[in-house]
Structure formats: C-alpha cells, structure tokens
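Reading through the structure tokens given below for one structure.
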Amino acid sequence: MSAPRPNLLLVEDDPQIQRFLATALDAHGYALRIAGSGNEGLQLAALHQPDIAIVDIGLPDISGLDLIARLREWYAQPILVLSAREREADKVAALDLGADDYLTKPFGIGELLARLRVMQRHLAGREAAGESPRIEIGDITLDLAARRVLRGDEDVHLTPIEYQLLATLARHRGKVLTHRQLLREVWGAAHTESPQYLRIYMRSLRKKIETDPARPRWLTTEVGVGYRLADGEERI
Ligand code: CA
C-alpha cells in the first residue's frame with residue numbers, strides 16, 4: 001500500500017496563486033484544500049486537520065496574523081506563511097506567533113517544495129522515538145546528549161552561549177528562527193530586545209563552524225528576520 005498523500009490546507013484569496021498551487025502540488029503528490037478567507041481557513045483546519053497549513057498574510061476578512069494566532073491555540077502542525085516582499089515586519093510577527101517558515105511572493109514551486117520537505121522531515125522526526133542526539137552539519141558533529149561539538153575527531157571549543165545558540169538552531173534545523181526567539185531561548189525573556197548579542201555570537205560561532213565564515217554555508221542570515229541552520233538539501 002502506498003503512503004497517503006500529505007494533506008495540505010492553503011488559505012489564500014488570490015485566484016491565480018490558488019490555481020498555480022492546486023496544479024503544482026497535485027502534480028507533486030499532495031492533496032490540497034483551499035480556503036479563500038481566514039474564517040473559512042479556520043473551519044477547514046478544524047474539519048480536516050491538515051498536515052501542513054500554508055497561510056497568506058493578506059486575507060480579505062481577518063489578517064493572516066490573526067489566523068495564525070487563532071490556529072496556534074490548538075493546531076500543532078507546521079504553518080508556512082506567504083508574504084509580500086515589502087512586508088518584512090509581517091514575516092517576523094508571523095514567526096513570533098508560531099509560524100514555522102515563510103516564502104516571499106513571488107516564489108517558485110521548487111522553493112515551496114523544498115520548504116514542505118523540510119517540514120515533513122520535522123514531522124517525521126517528531127513522530128520517531130525522541131530526538132536524535134547527534135546532528136551532522138557538514139564535517140561538524142553536534143552531540144546533544146554529550147554537549148560536545150566535533151570537527152572530524154577533533155573537539156571544537158564553544159562557549160556555553162555559542163553552544164546554546166548552535167543547539168537551538170540545530171533542534172529547529174531548516175527552520176528560520178527570529179531574533180526574538182533565539183534571544184529568548186539562549187539569553188532568556190529579559191533580553192529579547194538585544195539583537196546585537198546575536199550578531200556578536202553568530203560571528204564567533206561561524207568562525208568555529210564554517211569553512212568560509214564570510215560566506216556561511218550552514219549558519220545563514222535571513223535579513224531583517226533572524227537566522228537558520230541550513231538543512232543540507234535546502235541549499236542550492
Ligand atoms: Ca492574499
């Protein structure tokens with residue numbers, strides 16, 4: 001028996017994007033339901049429990065941000081946000097509300113499929129027994145159980161903050177984390193307004209992890225939003 005088709009929900013009022021995604025996602029083995037408004041999106045999500053929700057920020061009734069906040073009261077599956085290029089602040093707000101990732105319009109189908117695959121891998125990992133304690137990042141191995149970082153067989157010496165930062169990004173591999181999320185996770189709730197800490201530690205972490213720290217392959221910057229530990233497959 002073949003695996004069931006992943007069940008997606010698209011909440012978007014633009015008919016052109018609806019048509020484009022309906023065709024492309026069907027061709028790639030996804031089952032897609034479409035809601036043209038936020039309220040319809042809430043109803044369909046409750047009714048069908050989609051594996052992944054794709055939510056446009058600009059909706060005709062409630063805003064996509066309100067929709068994400070309301071979904072996150074009970075919906076634990078990944079949410080991918082679609083946003084207009086000029087609305088940087090919306091992306092950050094959406095991620096802080098609990099969305100998992102975003103795509104900026106216009107986007108290609110390849111980019112969308114890559115994001116969906118990352119989300120599906122996270123879901124599969126969540127369902128597997130526990131979290132894998134070892135994470136491979138190129139020639140770097142992060143051993144979460146032993147709190148050790150190795151390059152080949154050699155120990156890489158990280159400060160406690162650098163380690164926390166890397167471990168946090170690694171636990172959400174492939175996913176963008178906002179400045180606020182990283183600061184809260186690593187430094188605590190009192191420091192969420194201090195993104196300069198992040199820049200400093202990210203620079204030193206890149207020197208220890210990256211082959212070419214000036215052109216990072218793994219610890220990538222999402223300008224104006226946050227940072228991401230690249231999933232191997234995602235880099236083009
Ligand atoms: Ca729209």
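Simple scheme: letters A, B, ... for chains in structure tokens order, numbers from 1 for residues in each chain, numbers from 1 for ligands in the order shown.
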
| field | Exercise answer, 7 Å around ligand 1 with only C-alpha atoms and all ligand atoms, as an NGL selection string | value | :A and (12-14 or 56-59)

| message | So that I can see what lies close to stretch 145-158 of chain A, please list as a ChimeraX atom specification the residues with an atom at most 8 Å from it, counting only C-alpha atoms and leaving out residues fewer than 3 positions away in the same chain. | response | /A:133-134,139-142,161-163,205,208

Take the residues that were just selected and, keeping N, CA, C and O atoms, output them as a PDB file, in the first residue's frame.
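In the end it all went to selection_23.pdb:
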```pdb
ATOM      1  N   PRO A 133      20.134  12.436  19.179  1.00  0.00           N
ATOM      2  CA  PRO A 133      21.089  13.239  19.930  1.00  0.00           C
ATOM      3  C   PRO A 133      22.275  13.726  19.097  1.00  0.00           C
ATOM      4  O   PRO A 133      23.003  14.593  19.515  1.00  0.00           O
ATOM      5  N   ARG A 134      22.455  13.157  17.885  1.00  0.00           N
ATOM      6  CA  ARG A 134      23.610  13.564  17.065  1.00  0.00           C
ATOM      7  C   ARG A 134      23.127  14.235  15.790  1.00  0.00           C
ATOM      8  O   ARG A 134      22.292  13.696  15.072  1.00  0.00           O
ATOM      9  N   ASP A 139      31.101  18.729   8.023  1.00  0.00           N
ATOM     10  CA  ASP A 139      32.053  17.870   8.732  1.00  0.00           C
ATOM     11  C   ASP A 139      31.967  18.059  10.250  1.00  0.00           C
ATOM     12  O   ASP A 139      32.791  17.546  10.996  1.00  0.00           O
ATOM     13  N   ILE A 140      30.984  18.809  10.708  1.00  0.00           N
ATOM     14  CA  ILE A 140      30.791  19.047  12.146  1.00  0.00           C
ATOM     15  C   ILE A 140      29.737  18.079  12.677  1.00  0.00           C
ATOM     16  O   ILE A 140      28.710  17.860  12.033  1.00  0.00           O
ATOM     17  N   THR A 141      30.010  17.488  13.840  1.00  0.00           N
ATOM     18  CA  THR A 141      29.000  16.674  14.516  1.00  0.00           C
ATOM     19  C   THR A 141      28.639  17.341  15.824  1.00  0.00           C
ATOM     20  O   THR A 141      29.520  17.692  16.621  1.00  0.00           O
ATOM     21  N   LEU A 142      27.364  17.530  16.024  1.00  0.00           N
ATOM     22  CA  LEU A 142      26.874  18.096  17.273  1.00  0.00           C
ATOM     23  C   LEU A 142      26.240  16.960  18.064  1.00  0.00           C
ATOM     24  O   LEU A 142      25.287  16.338  17.598  1.00  0.00           O
ATOM     25  N   ILE A 161      27.359  29.962  25.638  1.00  0.00           N
ATOM     26  CA  ILE A 161      26.375  30.700  24.829  1.00  0.00           C
ATOM     27  C   ILE A 161      26.430  30.236  23.370  1.00  0.00           C
ATOM     28  O   ILE A 161      25.397  30.009  22.739  1.00  0.00           O
ATOM     29  N   GLU A 162      27.637  30.092  22.822  1.00  0.00           N
ATOM     30  CA  GLU A 162      27.762  29.616  21.438  1.00  0.00           C
ATOM     31  C   GLU A 162      27.121  28.243  21.292  1.00  0.00           C
ATOM     32  O   GLU A 162      26.430  27.963  20.322  1.00  0.00           O
ATOM     33  N   TYR A 163      27.366  27.384  22.295  1.00  0.00           N
ATOM     34  CA  TYR A 163      26.787  26.051  22.239  1.00  0.00           C
ATOM     35  C   TYR A 163      25.256  26.112  22.260  1.00  0.00           C
ATOM     36  O   TYR A 163      24.587  25.460  21.454  1.00  0.00           O
ATOM     37  N   LEU A 205      30.639  32.111  16.318  1.00  0.00           N
ATOM     38  CA  LEU A 205      30.237  30.731  16.033  1.00  0.00           C
ATOM     39  C   LEU A 205      30.578  30.353  14.586  1.00  0.00           C
ATOM     40  O   LEU A 205      31.084  29.261  14.319  1.00  0.00           O
ATOM     41  N   LYS A 208      34.070  29.281  14.048  1.00  0.00           N
ATOM     42  CA  LYS A 208      34.407  27.935  14.531  1.00  0.00           C
ATOM     43  C   LYS A 208      33.763  26.818  13.711  1.00  0.00           C
ATOM     44  O   LYS A 208      34.268  25.709  13.697  1.00  0.00           O
TER      45      LYS A 208
END
```

| Could you pull out the strand (DSSP E) residues of stretch 38-148 of chain A from DSSP and send them as number ranges by chain? | A: 52-56, 79-84, 101-105, 134-137, 140-143, 148

Saved selection, atoms kept: N, CA, C and O atoms, as a CSV table (one decimal), in the first residue's frame:
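The resulting out_11.csv:
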```
chain,number,residue,atom,x,y,z
A,52,ILE,N,0.0,20.2,7.0
A,52,ILE,CA,0.7,21.5,7.0
A,52,ILE,C,-0.3,22.5,6.5
A,52,ILE,O,-1.1,22.3,5.6
A,53,ALA,N,-0.3,23.7,7.1
A,53,ALA,CA,-1.1,24.8,6.6
A,53,ALA,C,-0.3,25.9,6.0
A,53,ALA,O,0.8,26.2,6.5
A,54,ILE,N,-0.7,26.4,4.8
A,54,ILE,CA,0.0,27.4,4.1
A,54,ILE,C,-0.9,28.7,4.2
A,54,ILE,O,-2.1,28.6,3.7
A,55,VAL,N,-0.4,29.7,4.8
A,55,VAL,CA,-1.3,30.9,5.1
A,55,VAL,C,-0.8,32.1,4.5
A,55,VAL,O,0.4,32.5,4.8
A,56,ASP,N,-1.6,32.8,3.7
A,56,ASP,CA,-1.2,34.1,3.2
A,56,ASP,C,-1.5,35.2,4.3
A,56,ASP,O,-2.5,35.1,5.0
A,79,ILE,N,3.1,25.5,10.0
A,79,ILE,CA,2.4,26.6,9.3
A,79,ILE,C,3.5,27.3,8.5
A,79,ILE,O,4.5,27.8,9.0
A,80,LEU,N,3.2,27.4,7.1
A,80,LEU,CA,4.1,28.1,6.2
A,80,LEU,C,3.4,29.4,5.8
A,80,LEU,O,2.3,29.3,5.4
A,81,VAL,N,4.1,30.5,5.9
A,81,VAL,CA,3.4,31.8,5.6
A,81,VAL,C,3.9,32.3,4.3
A,81,VAL,O,5.0,32.2,3.9
A,82,LEU,N,2.9,32.9,3.5
A,82,LEU,CA,3.2,33.6,2.3
A,82,LEU,C,3.1,35.1,2.6
A,82,LEU,O,2.1,35.5,3.2
A,83,SER,N,4.1,35.8,2.2
A,83,SER,CA,4.0,37.2,2.4
A,83,SER,C,4.6,38.0,1.3
A,83,SER,O,5.4,37.6,0.4
A,84,ALA,N,4.1,39.3,1.2
A,84,ALA,CA,4.6,40.2,0.1
A,84,ALA,C,6.0,40.7,0.5
A,84,ALA,O,6.3,40.8,1.6
A,101,ASP,N,7.8,28.9,9.0
A,101,ASP,CA,8.6,29.4,8.0
A,101,ASP,C,7.8,30.3,7.1
A,101,ASP,O,6.6,30.4,7.2
A,102,TYR,N,8.5,30.9,6.1
A,102,TYR,CA,7.8,31.8,5.2
A,102,TYR,C,8.4,31.8,3.8
A,102,TYR,O,9.5,31.4,3.6
A,103,LEU,N,7.6,32.1,2.9
A,103,LEU,CA,8.0,32.3,1.5
A,103,LEU,C,7.6,33.7,1.1
A,103,LEU,O,6.5,34.1,1.4
A,104,THR,N,8.5,34.4,0.4
A,104,THR,CA,8.2,35.7,-0.1
A,104,THR,C,7.7,35.6,-1.5
A,104,THR,O,8.3,35.0,-2.4
A,105,LYS,N,6.5,36.3,-1.8
A,105,LYS,CA,6.0,36.3,-3.2
A,105,LYS,C,6.8,37.2,-4.1
A,105,LYS,O,7.2,38.3,-3.6
A,134,ARG,N,22.5,13.2,17.9
A,134,ARG,CA,23.6,13.6,17.1
A,134,ARG,C,23.1,14.2,15.8
A,134,ARG,O,22.3,13.7,15.1
A,135,ILE,N,23.7,15.4,15.5
A,135,ILE,CA,23.3,16.1,14.3
A,135,ILE,C,24.6,16.4,13.5
A,135,ILE,O,25.6,16.9,14.0
A,136,GLU,N,24.5,16.1,12.2
A,136,GLU,CA,25.7,16.3,11.3
A,136,GLU,C,25.5,17.6,10.6
A,136,GLU,O,24.4,17.8,10.0
A,137,ILE,N,26.5,18.5,10.6
A,137,ILE,CA,26.5,19.7,9.9
A,137,ILE,C,27.7,19.8,9.1
A,137,ILE,O,28.8,20.2,9.6
A,140,ILE,N,31.0,18.8,10.7
A,140,ILE,CA,30.8,19.0,12.1
A,140,ILE,C,29.7,18.1,12.7
A,140,ILE,O,28.7,17.9,12.0
A,141,THR,N,30.0,17.5,13.8
A,141,THR,CA,29.0,16.7,14.5
A,141,THR,C,28.6,17.3,15.8
A,141,THR,O,29.5,17.7,16.6
A,142,LEU,N,27.4,17.5,16.0
A,142,LEU,CA,26.9,18.1,17.3
A,142,LEU,C,26.2,17.0,18.1
A,142,LEU,O,25.3,16.3,17.6
A,143,ASP,N,26.8,16.7,19.2
A,143,ASP,CA,26.3,15.6,20.1
A,143,ASP,C,25.5,16.2,21.2
A,143,ASP,O,26.1,16.7,22.2
A,148,ARG,N,28.8,18.0,23.1
A,148,ARG,CA,30.1,18.1,22.5
A,148,ARG,C,29.9,18.5,21.0
A,148,ARG,O,28.9,18.1,20.4
```

| Which neighbours of stretch 173-179 of chain A fall inside 10 Å, counting only C-alpha atoms, when residues of the same chain fewer than 5 positions from it are skipped, and could you give them as a PyMOL selection string? | chain A and resi 91-96+99-102+114-115+117-119+121-122+135+137+166-168+184-185+192-199+218+220-222+224-235

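With only C-alpha atoms as the basis for measurement, A:Ile109 is the residue among A:Val11, A:Leu71, A:Ala89, A:Ile109 that approaches A:Thr23 most closely.
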
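Going from atom CA of A:Ala45 over to atom CA of A:Gly108, you cover 24.9 Å.
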
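Minimum atom-to-atom distances from A:Trp187, A:Tyr30, A:Phe107, A:Tyr201 to A:Asp51 were compared using only C-alpha atoms, and the lowest value belongs to A:Tyr30.
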
| query | Between atom CA of A:Ala46 and atom CA of A:Arg19, what is the distance, to one decimal in Å? | reply | 23.1 Å
